[in-house]
Every structure is written in structure tokens, then in C-alpha cells.
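Below is upload39.txt, holding compact mmCIF, C-alpha atoms and all ligand atoms.
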# COMPACT_ATOMS: atom_id res chain seq x y z
CA MET A 1124 131.99 117.86 49.67
CA GLU A 1125 134.74 115.70 51.17
CA ARG A 1126 133.75 112.06 51.09
CA ILE A 1127 134.37 110.00 54.18
CA TYR A 1128 134.56 106.24 53.91
CA LEU A 1129 133.80 104.22 57.03
CA ASP A 1130 132.49 101.04 55.41
CA ASN A 1131 135.70 99.04 55.12
CA ALA A 1132 134.15 95.76 56.23
CA ALA A 1133 132.03 95.95 53.06
CA THR A 1134 135.00 96.68 50.84
CA THR A 1135 138.23 98.66 50.90
CA PRO A 1136 139.77 101.14 48.48
CA LEU A 1137 142.55 99.75 46.30
CA ASP A 1138 146.12 100.43 47.36
CA ASP A 1139 148.05 102.39 44.68
CA GLU A 1140 150.78 99.75 44.64
CA VAL A 1141 148.13 97.13 43.94
CA ILE A 1142 146.80 99.18 41.01
CA ASP A 1143 150.32 99.59 39.56
CA CYS A 1144 150.98 95.89 39.91
CA MET A 1145 147.70 94.98 38.20
CA VAL A 1146 148.26 97.44 35.33
CA ASN A 1147 151.67 95.87 34.71
CA VAL A 1148 150.25 92.39 34.68
CA MET A 1149 147.42 93.48 32.36
CA LYS A 1150 149.93 95.00 29.96
CA PHE A 1151 152.64 92.38 29.99
CA ASN A 1152 151.34 89.11 31.42
CA TYR A 1153 148.31 88.61 29.22
CA GLY A 1154 149.11 85.02 28.32
CA ASN A 1155 146.82 82.19 29.36
CA PRO A 1156 148.54 80.39 32.27
CA SER A 1157 147.55 77.06 30.72
CA SER A 1158 149.40 77.84 27.47
CA THR A 1159 152.75 76.15 27.09
CA HIS A 1160 154.48 79.03 25.29
CA SER A 1161 156.56 81.51 27.23
CA LEU A 1162 153.86 84.20 27.51
CA GLY A 1163 151.53 81.63 29.06
CA GLN A 1164 154.23 80.37 31.36
CA GLU A 1165 155.04 83.91 32.48
CA ALA A 1166 151.40 84.38 33.50
CA LYS A 1167 151.56 81.02 35.28
CA THR A 1168 154.64 82.22 37.16
CA VAL A 1169 152.66 85.26 38.37
CA LEU A 1170 150.00 82.92 39.82
CA GLU A 1171 152.43 80.52 41.38
CA GLU A 1172 154.44 83.29 43.02
CA VAL A 1173 151.26 84.65 44.69
CA ARG A 1174 150.26 81.15 45.76
CA ARG A 1175 153.71 80.54 47.25
CA LYS A 1176 153.65 83.84 49.14
CA ILE A 1177 150.23 83.21 50.66
CA ALA A 1178 151.06 79.62 51.57
CA GLU A 1179 154.26 80.76 53.25
CA SER A 1180 152.43 83.23 55.50
CA LEU A 1181 149.67 80.78 56.43
CA LYS A 1182 152.30 78.04 56.95
CA VAL A 1183 150.64 75.62 54.55
CA THR A 1184 151.72 74.17 51.21
CA PRO A 1185 151.07 76.10 47.97
CA GLY A 1186 148.87 73.25 46.68
CA GLU A 1187 146.42 73.99 49.50
CA ILE A 1188 145.62 77.46 48.12
CA VAL A 1189 142.87 77.42 45.47
CA PHE A 1190 142.23 80.72 43.68
CA THR A 1191 138.57 81.67 43.32
CA SER A 1192 136.63 84.81 42.42
CA CYS A 1193 135.67 85.85 45.98
CA GLY A 1194 134.77 84.84 49.52
CA THR A 1195 131.29 83.80 48.46
CA GLU A 1196 132.60 81.37 45.87
CA SER A 1197 135.16 79.93 48.28
CA ASN A 1198 132.54 79.32 50.96
CA ASN A 1199 130.10 77.82 48.44
CA MET A 1200 132.73 75.52 47.04
CA ILE A 1201 133.81 74.25 50.44
CA ILE A 1202 130.33 73.60 51.85
CA LYS A 1203 128.80 72.15 48.67
CA SER A 1204 131.79 69.97 47.94
CA ALA A 1205 131.96 68.69 51.52
CA VAL A 1206 128.36 67.51 51.09
CA ASN A 1207 128.79 66.21 47.52
CA TYR A 1208 132.13 64.50 47.87
CA LEU A 1209 133.05 64.02 51.52
CA GLY A 1210 129.83 62.40 52.70
CA VAL A 1211 128.77 65.21 55.05
CA GLU A 1212 125.25 64.56 56.36
CA ARG A 1213 125.06 67.17 59.10
CA ILE A 1214 126.21 70.79 59.30
CA ILE A 1215 126.67 72.70 62.55
CA THR A 1216 126.50 76.45 61.97
CA SER A 1217 124.99 79.62 63.48
CA ALA A 1218 122.71 82.55 62.72
CA LEU A 1219 125.73 84.85 62.80
CA GLU A 1220 127.17 83.56 59.52
CA HIS A 1221 127.42 85.62 56.36
CA LYS A 1222 124.60 85.04 53.87
CA CYS A 1223 126.88 83.12 51.51
CA VAL A 1224 127.35 80.48 54.21
CA ALA A 1225 123.83 80.65 55.65
CA GLU A 1226 122.07 80.33 52.26
CA THR A 1227 124.42 77.58 51.09
CA CYS A 1228 123.70 75.55 54.23
CA LEU A 1229 119.95 76.02 53.70
CA GLU A 1230 120.29 74.92 50.10
CA MET A 1231 122.15 71.79 51.19
CA LYS A 1232 119.28 71.05 53.56
CA LYS A 1233 116.69 71.57 50.82
CA LEU A 1234 118.48 69.75 48.01
CA LYS A 1235 120.42 67.08 49.86
CA GLY A 1236 118.45 66.57 53.07
CA ILE A 1237 121.40 67.66 55.22
CA GLU A 1238 120.60 68.07 58.91
CA LEU A 1239 121.30 71.64 60.04
CA VAL A 1240 122.10 72.39 63.66
CA TYR A 1241 122.33 76.04 64.77
CA LEU A 1242 124.50 77.02 67.71
CA ARG A 1243 122.80 79.81 69.62
CA PRO A 1244 124.95 82.85 70.50
CA ASP A 1245 124.40 84.71 73.77
CA SER A 1246 123.49 88.42 73.83
CA ASN A 1247 127.18 89.32 73.38
CA GLY A 1248 127.35 87.17 70.25
CA ASP A 1249 129.53 84.50 71.93
CA PHE A 1250 129.14 80.72 71.63
CA ASP A 1251 129.34 78.19 74.41
CA LEU A 1252 131.98 75.76 73.19
CA ASN A 1253 130.84 73.16 75.74
CA LYS A 1254 127.52 73.19 73.91
CA LEU A 1255 129.37 72.72 70.60
CA GLU A 1256 131.17 69.71 72.07
CA GLU A 1257 127.88 68.31 73.29
CA VAL A 1258 126.34 68.66 69.81
CA LEU A 1259 129.43 67.15 68.18
CA LYS A 1260 129.15 64.09 70.38
CA SER A 1261 125.39 63.76 69.95
CA SER A 1262 125.43 62.11 66.52
CA ASP A 1263 127.45 59.62 64.47
CA LYS A 1264 126.60 61.42 61.22
CA LYS A 1265 129.54 62.75 59.21
CA THR A 1266 129.59 66.41 60.25
CA LEU A 1267 130.93 69.72 58.99
CA VAL A 1268 131.18 72.65 61.40
CA THR A 1269 131.07 76.03 59.67
CA LEU A 1270 131.63 79.01 61.97
CA MET A 1271 133.17 82.30 60.95
CA HIS A 1272 136.40 83.60 62.46
CA ALA A 1273 135.38 87.26 62.90
CA ASN A 1274 131.87 88.50 62.47
CA ASN A 1275 131.56 91.15 59.76
CA GLU A 1276 128.86 93.09 61.64
CA ILE A 1277 129.73 92.97 65.33
CA GLY A 1278 133.41 92.05 65.11
CA ASN A 1279 133.28 89.12 67.56
CA ILE A 1280 136.23 86.79 67.16
CA LEU A 1281 135.83 83.05 67.57
CA ASP A 1282 138.70 81.03 69.02
CA ILE A 1283 139.13 78.96 65.85
CA GLU A 1284 142.17 77.18 67.23
CA LYS A 1285 140.05 75.79 70.05
CA VAL A 1286 137.15 74.93 67.73
CA ALA A 1287 139.48 73.27 65.23
CA HIS A 1288 140.98 71.05 67.96
CA LEU A 1289 137.51 70.23 69.24
CA CYS A 1290 136.42 69.22 65.74
CA LYS A 1291 139.54 67.16 65.18
CA ALA A 1292 139.04 65.33 68.47
CA ASN A 1293 135.52 64.50 67.34
CA ASN A 1294 136.42 63.42 63.82
CA THR A 1295 134.57 66.40 62.36
CA LEU A 1296 135.45 68.68 59.44
CA PHE A 1297 135.87 72.35 60.28
CA HIS A 1298 135.39 75.26 57.88
CA SER A 1299 135.88 78.82 59.01
CA ASP A 1300 134.83 81.84 56.97
CA THR A 1301 137.98 83.90 57.50
CA VAL A 1302 137.06 86.62 55.00
CA GLN A 1303 137.25 89.41 57.62
CA THR A 1304 140.46 88.20 59.25
CA MET A 1305 142.71 87.06 56.38
CA ALA A 1306 145.43 89.70 55.96
CA HIS A 1307 144.20 91.51 59.09
CA LEU A 1308 145.30 88.95 61.70
CA ASP A 1309 148.34 86.72 61.69
CA LEU A 1310 147.03 83.25 60.90
CA ASP A 1311 149.17 80.13 61.26
CA PHE A 1312 147.40 77.06 59.92
CA SER A 1313 150.22 74.78 61.03
CA LYS A 1314 148.93 75.46 64.57
CA ILE A 1315 145.22 75.85 63.79
CA PRO A 1316 144.02 72.52 62.37
CA VAL A 1317 141.17 74.05 60.36
CA ASP A 1318 140.27 72.00 57.26
CA PHE A 1319 138.94 74.83 55.11
CA ALA A 1320 139.02 78.64 55.13
CA SER A 1321 138.23 81.50 52.77
CA CYS A 1322 139.67 84.82 51.66
CA SER A 1323 138.57 87.80 49.58
CA ALA A 1324 141.09 90.33 48.24
CA HIS A 1325 138.77 93.34 48.29
CA LYS A 1326 138.61 93.24 52.10
CA PHE A 1327 142.26 94.30 52.35
CA HIS A 1328 142.81 96.84 49.58
CA GLY A 1329 143.02 94.27 46.80
CA PRO A 1330 140.67 94.01 43.81
CA LYS A 1331 137.12 92.71 43.72
CA GLY A 1332 136.81 89.41 41.86
CA ALA A 1333 139.79 87.63 43.43
CA GLY A 1334 140.04 85.40 46.45
CA PHE A 1335 141.05 81.93 47.50
CA ALA A 1336 139.94 78.91 49.43
CA PHE A 1337 142.31 77.15 51.77
CA VAL A 1338 141.70 73.43 51.33
CA ARG A 1339 143.68 71.11 53.60
CA LYS A 1340 145.44 68.55 51.36
CA SER A 1341 144.33 65.58 53.39
CA SER A 1342 140.63 66.56 53.17
CA GLY A 1343 140.01 65.10 49.69
CA LEU A 1344 137.76 68.01 48.70
CA LYS A 1345 136.89 68.30 45.00
CA GLY A 1346 135.85 71.30 42.94
CA ILE A 1347 132.29 72.22 42.03
CA ILE A 1348 133.15 74.07 38.81
CA THR A 1349 134.12 71.41 36.31
CA GLY A 1350 136.02 71.83 33.08
CA GLY A 1351 139.75 72.20 32.59
CA PRO A 1352 142.46 71.13 35.03
CA GLN A 1353 143.13 74.63 36.40
CA GLU A 1354 143.80 74.90 40.13
CA ARG A 1355 144.60 71.18 40.22
CA SER A 1356 141.05 70.54 38.94
CA LEU A 1357 139.58 72.14 42.07
CA ARG A 1358 138.37 75.21 40.15
CA ALA A 1359 138.11 74.95 36.39
CA GLY A 1360 138.27 78.08 34.25
CA THR A 1361 141.03 80.42 33.08
CA GLU A 1362 142.46 82.14 36.12
CA ASN A 1363 141.96 85.86 36.75
CA VAL A 1364 145.69 86.54 36.51
CA THR A 1365 145.35 90.30 36.97
CA GLY A 1366 143.08 89.95 39.99
CA ILE A 1367 145.28 87.29 41.54
CA ALA A 1368 148.36 89.48 41.04
CA GLY A 1369 146.48 92.28 42.83
CA LEU A 1370 145.51 89.87 45.60
CA GLY A 1371 149.18 88.91 45.93
CA LYS A 1372 150.37 92.51 46.13
CA ALA A 1373 147.68 93.43 48.68
CA TRP A 1374 148.60 90.32 50.68
CA GLU A 1375 152.31 91.17 50.61
CA ILE A 1376 151.64 94.73 51.85
CA SER A 1377 149.34 93.44 54.60
CA GLN A 1378 152.03 91.06 55.85
CA THR A 1379 154.72 93.74 56.10
CA LYS A 1380 152.43 96.46 57.47
CA MET A 1381 150.07 94.44 59.66
CA GLU A 1382 151.43 95.75 62.94
CA ASP A 1383 151.53 99.40 61.82
CA TYR A 1384 148.09 99.23 60.25
CA SER A 1385 146.46 97.48 63.19
CA ASN A 1386 148.01 99.91 65.70
CA HIS A 1387 146.79 102.89 63.68
CA ILE A 1388 143.28 101.44 63.23
CA LEU A 1389 143.01 100.51 66.90
CA ASP A 1390 143.97 104.07 67.82
CA ILE A 1391 141.19 105.41 65.55
CA LYS A 1392 138.73 102.90 66.99
CA HIS A 1393 139.56 103.91 70.58
CA TYR A 1394 139.12 107.55 69.59
CA ALA A 1395 135.75 106.76 67.99
CA ILE A 1396 134.55 104.93 71.13
CA GLN A 1397 135.65 107.79 73.37
CA GLN A 1398 134.10 110.52 71.16
CA LEU A 1399 130.83 108.64 70.70
CA GLN A 1400 130.53 107.98 74.44
CA GLU A 1401 131.27 111.61 75.21
CA LYS A 1402 129.02 113.24 72.61
CA ILE A 1403 126.08 110.87 72.07
CA SER A 1404 124.32 110.27 75.33
CA GLY A 1405 122.82 106.80 75.69
CA ILE A 1406 124.94 105.23 72.94
CA LYS A 1407 125.76 101.54 73.30
CA PHE A 1408 128.05 99.14 71.47
CA ASN A 1409 126.84 95.87 70.01
CA GLY A 1410 128.44 92.46 70.48
CA ARG A 1411 132.05 92.61 71.61
CA SER A 1412 132.92 95.29 69.06
CA ALA A 1413 134.05 97.91 71.60
CA GLU A 1414 136.39 95.47 73.33
CA ASP A 1415 140.03 95.04 72.39
CA GLU A 1416 139.54 91.31 71.82
CA SER A 1417 137.22 92.05 68.90
CA LEU A 1418 138.16 92.60 65.27
CA TYR A 1419 139.92 95.98 65.30
CA THR A 1420 138.39 97.09 62.00
CA VAL A 1421 134.77 96.96 63.19
CA LEU A 1422 132.72 98.97 65.68
CA ASN A 1423 128.97 98.39 65.86
CA VAL A 1424 127.00 101.04 67.73
CA LEU A 1425 123.40 101.32 68.89
CA LEU A 1426 122.01 104.85 68.67
CA PRO A 1427 119.45 105.68 71.37
CA TYR A 1428 116.62 106.47 68.92
CA LYS A 1429 114.89 104.86 65.95
CA ASN A 1430 115.96 106.26 62.61
CA PRO A 1431 115.74 103.89 59.65
CA LEU A 1432 116.96 106.69 57.35
CA ILE A 1433 120.24 107.27 59.12
CA GLY A 1434 122.38 105.63 56.42
CA LEU A 1435 120.83 107.88 53.80
CA GLN A 1436 121.16 111.02 55.94
CA LEU A 1437 124.83 110.30 56.59
CA ASP A 1438 125.36 109.60 52.90
CA MET A 1439 123.89 113.02 52.11
CA LYS A 1440 126.54 114.49 54.40
CA GLY A 1441 129.24 112.62 52.46
CA ILE A 1442 129.73 109.78 54.96
CA ALA A 1443 129.58 106.21 53.64
CA ILE A 1444 128.69 103.79 56.42
CA SER A 1445 126.68 100.61 56.82
CA GLN A 1446 123.43 100.51 58.71
CA GLY A 1447 123.68 96.81 59.51
CA SER A 1448 120.34 96.04 58.01
CA ALA A 1449 119.35 94.19 54.90
CA CYS A 1450 116.79 95.75 52.65
CA SER A 1451 114.12 93.28 51.72
CA SER A 1452 111.06 94.11 49.65
CA GLY A 1453 111.65 97.83 50.10
CA ALA A 1454 111.53 97.67 53.89
CA SER A 1455 114.62 97.95 56.02
CA LYS A 1456 114.83 95.16 58.56
CA PRO A 1457 117.62 94.24 60.92
CA SER A 1458 120.10 91.58 59.85
CA MET A 1459 120.02 88.06 61.31
CA VAL A 1460 123.13 88.93 63.31
CA LEU A 1461 121.52 91.93 64.99
CA MET A 1462 118.29 90.02 65.53
CA SER A 1463 120.35 87.36 67.31
CA VAL A 1464 122.12 89.70 69.71
CA LEU A 1465 119.77 92.64 70.30
CA SER A 1466 116.72 92.72 72.55
CA GLU A 1467 113.27 93.34 71.10
CA ASP A 1468 113.26 96.79 72.68
CA ASP A 1469 116.60 97.66 71.06
CA LEU A 1470 115.40 96.38 67.68
CA ASP A 1471 112.13 98.34 67.91
CA ASN A 1472 113.38 101.62 69.35
CA LYS A 1473 117.05 102.04 68.50
CA THR A 1474 119.31 102.24 65.46
CA PRO A 1475 122.38 100.09 64.82
CA LEU A 1476 125.24 101.44 62.77
CA ARG A 1477 128.42 99.65 61.71
CA ILE A 1478 131.55 101.80 61.55
CA SER A 1479 134.42 99.98 59.88
CA PHE A 1480 137.93 101.35 59.56
CA SER A 1481 141.03 100.93 57.45
CA HIS A 1482 144.55 102.34 57.73
CA TYR A 1483 143.33 105.26 55.60
CA SER A 1484 140.84 106.26 58.34
CA LYS A 1485 141.62 109.50 60.18
CA LYS A 1486 140.52 111.07 63.45
CA SER A 1487 138.96 113.88 61.40
CA ASP A 1488 136.68 111.23 59.77
CA ILE A 1489 135.47 110.33 63.24
CA ASP A 1490 134.98 114.00 64.16
CA ALA A 1491 132.85 114.49 61.03
CA LEU A 1492 130.80 111.37 61.79
CA VAL A 1493 130.22 112.32 65.43
CA GLU A 1494 129.23 115.85 64.43
CA ALA A 1495 126.79 114.48 61.83
CA LEU A 1496 125.33 112.07 64.39
CA GLU A 1497 124.94 114.90 66.93
CA GLU A 1498 123.11 116.97 64.33
CA ILE A 1499 120.82 114.12 63.27
CA GLY A 1500 120.25 113.09 66.89
CA SER A 1501 119.29 116.60 67.97
CA GLN A 1502 116.28 116.45 65.60
CA PHE A 1503 115.09 113.43 67.50
CA VAL A 1504 115.42 115.15 70.85
CA ILE A 1505 113.39 118.13 69.50
CA GLU A 1506 110.75 115.82 68.01
CA LYS A 1507 110.52 113.90 71.27
CA ALA A 1508 110.12 117.14 73.27
CA ASP A 1509 107.46 118.37 70.78
CA SER A 1510 105.50 115.16 71.09
CA LEU A 1511 105.38 115.62 74.89
CA HIS A 1512 103.52 118.91 74.34
CA ARG A 1513 100.99 117.43 71.93
N1 LIG B 1601 132.12 86.29 54.48
C1 LIG B 1601 132.19 87.42 55.19
C2 LIG B 1601 132.38 87.33 56.68
C3 LIG B 1601 132.07 88.66 54.58
O1 LIG B 1601 132.13 89.78 55.31
C4 LIG B 1601 131.89 88.70 53.17
C5 LIG B 1601 131.70 89.99 52.48
O2 LIG B 1601 131.08 90.90 52.99
C6 LIG B 1601 131.86 87.49 52.47
C7 LIG B 1601 131.97 86.32 53.16
C8 LIG B 1601 131.66 87.48 50.99
O3 LIG B 1601 132.84 87.88 50.34
P1 LIG B 1601 132.81 88.39 48.82
O4 LIG B 1601 132.28 89.76 48.84
O5 LIG B 1601 134.24 88.32 48.41
O6 LIG B 1601 131.97 87.44 48.08
Turn this file's structure into C-alpha cells for me.
Ligand code: PLP
Amino acid sequence: MERIYLDNAATTPLDDEVIDCMVNVMKFNYGNPSSTHSLGQEAKTVLEEVRRKIAESLKVTPGEIVFTSCGTESNNMIIKSAVNYLGVERIITSALEHKCVAETCLEMKKLKGIELVYLRPDSNGDFDLNKLEEVLKSSDKKTLVTLMHANNEIGNILDIEKVAHLCKANNTLFHSDTVQTMAHLDLDFSKIPVDFASCSAHKFHGPKGAGFAFVRKSSGLKGIITGGPQERSLRAGTENVTGIAGLGKAWEISQTKMEDYSNHILDIKHYAIQQLQEKISGIKFNGRSAEDESLYTVLNVLLPYKNPLIGLQLDMKGIAISQGSACSSGASKPSMVLMSVLSEDDLDNKTPLRISFSHYSKKSDIDALVEALEEIGSQFVIEKADSLHR
């Protein structure tokens, strides 16, 4: 059975060039970057070259890139350290954030008594920035705003340039979880005055276990993992040289191919929208995901029937896709994001599905998905008709 992968917002397959690069580093650059001998210094050079490359694209200084193990660690470090070391007493966030931000904010409330303010999205998943301004001005407490750049489920993109300027004008720190946009969109932090951002290599064909935090030099942020002086004491522990080399290679490829990749993916996404609309009657799209202003890698659909087993059924047909629901205590329930943007009727009677693409995605993948959905959907039409006769 051919396997079809349409879950690229969860993770992406490794690029062959990335694998080759990592194998080379594993074989030849095994020194500890903190060692002063030449093998150590060669490993250090690998790190510093990746740091320089990333800083150059983001238009920041290399010292503002702190290597971590993943997006989750980067977001944890930024939020916890802002509370511990920068005197943050209030955090403005939203229900659309990834769990690693949402849970960290809740922990800061529980352990440190931080005030949490949630911005409410509308049914499209958009925020009213006038409301944000109003909240910013409503308190003298030292505040951190943490709002993601692109939503990993519904693909909505926040105007982080606007939010960053708003925060700056109100003497507020701004962190954006940029895990879904780093290496997918062209980001220029010399124009976007964000204080902190995050990145995860496995979202753009790099390895799992490597990422970085962008930490604006002037912010004064400190690390939360203490020990040696690695990463300018912002993240103690021997660096994952192999993973960082893979991150660097994946980053380099993304910078040279961004236009080609995004054009190809957008073409596939348009095809998916058109095929789904044509073949699945009553289908809808969640958030802004079907609009061109959304993140091109994500399309979130709402199937016109309730089928909590759809992910499993598609998997049995060889199609890997995310259902957009978190399994808790054995029961499948919609994610916070979907609960925030869908009506009660949609949540009770329909089925969300997140299709996420990469440059490896093909139109034939979409054909196979649509065919599978037609087949699964037809059972529901028959069952519905049967129940009318009972
Ligand atoms: N933030 C967003 C928006 C994500 O989509 C993810 C991963 O799904 C993360 C953070 C966490 O990244 P990682 O898997 O590298 O910990």
C-alpha cells in the first residue's frame, strides 16, 4: 500500500541533503564544542556557521540565536525566564496557542501568581488588535504578550509586525511562537521588533531534537537550564551538534527554495480546496485556512458528518493526517483551537480534519484523500437514509 503523508504541520520527512550532512557531522565532527583542541573547535565551527546563517536570514546578530532541543523548549525558556528574570507579572495570550505555550502560562499563574489575560478570537480565529491595545493600556504591571505567528491547526496568520509595534509603544515584551512560520515565510526581525521567537527544525525537513530561540540582545533574558557556559550561558548542556548541523542544512535549503516550495504547495492547496468543494457536498473550511492570506501549508476542513474514527479509517487506507483533536482519557475531544472557532452545532455534528502539505505533496495524494473521503462519507449517507426508514 502506498503511504500518503499529509500531516506536515506535525512533522516533516527529512531532506536527503540534511541526512547526508548529519551523517558527515556524526562521523567527523564528534568533538565537544567546548573542548579547546582542534576536534572540539571544528565542532564549534559547525555550530557557529549555522548560527551565522540563521542570523543573517532573520537580520539579527548571531548572539541572538540560542540553540535548544525544540519549539517546546524555546517557548518554555522564553516565558519562564521572562517571569523569573524580567519581572513579568502579567501575560496576555489566547486560547489558540500551542499547548507548550498554554500550559507554561498556566504554570506561571499557578506557581508565580502571574495574571493571565486571554484575548478572544472571533469565529474566523482573528483577534481584534484594538482590544489588545485596550488591554495593554489597562494595567501598569510588567507585561509579556505571547501570541503565535501562524496557527498550527487553522493556519491563521497574525500580523506580528503590527503587534510588535503595539507592544513596543506600550513598553511591553512580545514573544511570538513562530514554529510554523520559520523557514516557511521570509522573516525580517530588523523590521519586526519582536523580543522573542521560536523555531523547530523538524517542521521544515530538519531533524527532531533541534531548534532555537531568538532572544533580542537588549531583553536581558537568562537561561532556565543552568550548568556550563554553553550558548552564552542561556542554555547549559553540550550542544546537539549533529542536530544543529541538520537544522542549518534544512534552513539553508528553505532559504534558497522558499519561493519554489511555497508556489508548489499553494498550487496543491488550491487543488485540494477545489477537489474537496467539488466532490464532498457540504464541506466547509475552518478559520482562514482556505484563504490565500493563511499559512500555505495548512488546510483545515469540516466534514458534514460526525465521524470520530476518521483519522483511523484514513490511516487504514494508508493516509496519515491529523484529526485536529486531542485524545484525553481515551475519548477524542476537539482541541482548544477548534472549540474556540467552531459553533456548538459544528462541534457536535461535524468532523474537523487538518490537511498539511509539504513540497513533497502531490496532486495524486489529494486525489487519493478525496476518494477515501468520498468512500467513507458515502457510508454516512447510507446510514442516514437507513435511519429515516427505521
Ligand atoms: N508551537 C507550534 C505552533 C507547533 O506547531 C509546535 C509543534 O507542533 C510546537 C510549538 C512545538 O514544537 P516541538 O515539536 O519542536 O516541541
What are the nearest atom pairs, with distances in Å to one decimal, for all residues of chain A that come at most 9 Å from ligand LIG 1601 (chain B), using all atoms listed in the file, set out by chain and rising residue number as a tab-separated table?
residue	atom	partner	partner_atom	distance
A:Ala1132	CA	B:LIG1601	O1	6.4
A:Ala1133	CA	B:LIG1601	O2	5.1
A:Thr1134	CA	B:LIG1601	O2	7.3
A:Ser1192	CA	B:LIG1601	O5	7.3
A:Cys1193	CA	B:LIG1601	O5	3.7
A:Gly1194	CA	B:LIG1601	O5	3.7
A:Thr1195	CA	B:LIG1601	O6	3.7
A:Glu1196	CA	B:LIG1601	O6	6.5
A:Ser1197	CA	B:LIG1601	O6	8.2
A:Asn1198	CA	B:LIG1601	C7	7.4
A:Glu1220	CA	B:LIG1601	C2	7.0
A:His1221	CA	B:LIG1601	N1	5.1
A:Lys1222	CA	B:LIG1601	C7	7.5
A:Cys1223	CA	B:LIG1601	C7	6.2
A:Val1224	CA	B:LIG1601	C7	7.5
A:Met1271	CA	B:LIG1601	C2	6.6
A:His1272	CA	B:LIG1601	C2	8.0
A:Ala1273	CA	B:LIG1601	C2	6.9
A:Asn1274	CA	B:LIG1601	C2	5.9
A:Asn1275	CA	B:LIG1601	O1	4.7
A:Glu1276	CA	B:LIG1601	O1	7.9
A:Asp1300	CA	B:LIG1601	N1	5.8
A:Thr1301	CA	B:LIG1601	C2	6.6
A:Val1302	CA	B:LIG1601	C1	4.9
A:Gln1303	CA	B:LIG1601	C2	5.4
A:Thr1304	CA	B:LIG1601	C2	8.5
A:Ser1321	CA	B:LIG1601	C7	7.9
A:Cys1322	CA	B:LIG1601	O5	7.2
A:Ser1323	CA	B:LIG1601	O5	4.5
A:Ala1324	CA	B:LIG1601	O5	7.1
A:His1325	CA	B:LIG1601	O5	6.8
A:Lys1326	CA	B:LIG1601	O5	7.5
A:Lys1331	CA	B:LIG1601	O5	7.0
A:Gly1332	CA	B:LIG1601	O5	7.1
A:Ala1333	CA	B:LIG1601	O5	7.5
A:Gly1334	CA	B:LIG1601	O5	6.8
**Request:** Write out as number ranges by chain which residues come within 10 Å of region 1255-1262 of chain A when counting all atoms listed in the file, dropping same-chain ones fewer than 3 positions away.
**Result:** A: 1213, 1215-1216, 1240-1243, 1250-1252, 1265-1268, 1286, 1289-1290, 1292-1295
**Message:** Quick check, in Å to one decimal: how far apart do CA of Met1149 (chain A) and CA of Ala1178 (chain A) lie?
**Reply:**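 About the pair CA of Met1149 (chain A) and CA of Ala1178 (chain A): they are 24.0 Å apart.
Closest approach to Gly1371 (chain A) among A:Arg1175, A:Lys1485, A:Lys1182, A:Arg1477 is made by A:Arg1175 (distances from only C-alpha atoms).
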**Item:** Residue nearest Ser1377 (chain A) among A:Gly1410, A:Gly1236, A:Pro1136, A:Gly1329 (counting all atoms listed in the file)
**Value:**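 The shortest atom-to-atom distance to Ser1377 (chain A) comes from A:Gly1329.
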Return as JSON the box centre and box size in Å, one decimal, for an axis-aligned box around all listed atoms of region 1207-1221 of chain A padded by 8 Å per side.
{"center_x": 127.9, "center_y": 74.0, "center_z": 55.5, "size_x": 26.3, "size_y": 39.2, "size_z": 32.0}
**Message:** With 12 Å as the threshold, what does the neighbourhood of (145.4, 72.5, 33.0) contain in terms of residues, counting all atoms listed in the file? Coordinates are those of the file; answer as a list in words.
**Reply:** Asn1155, Pro1156, Ser1157, Ser1158, Thr1159, Gly1163, Gln1164, Lys1167, Thr1349, Gly1350, Gly1351, Pro1352, Gln1353, Glu1354, Arg1355, Ser1356, Leu1357, Arg1358, Ala1359, Gly1360, Thr1361 and Glu1362 of chain A
**Prompt:** Separation of CA of Leu1461 (chain A) and CA of Leu1426 (chain A), in Å?
**Reply:**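 Those two atoms sit 13.4 Å apart.
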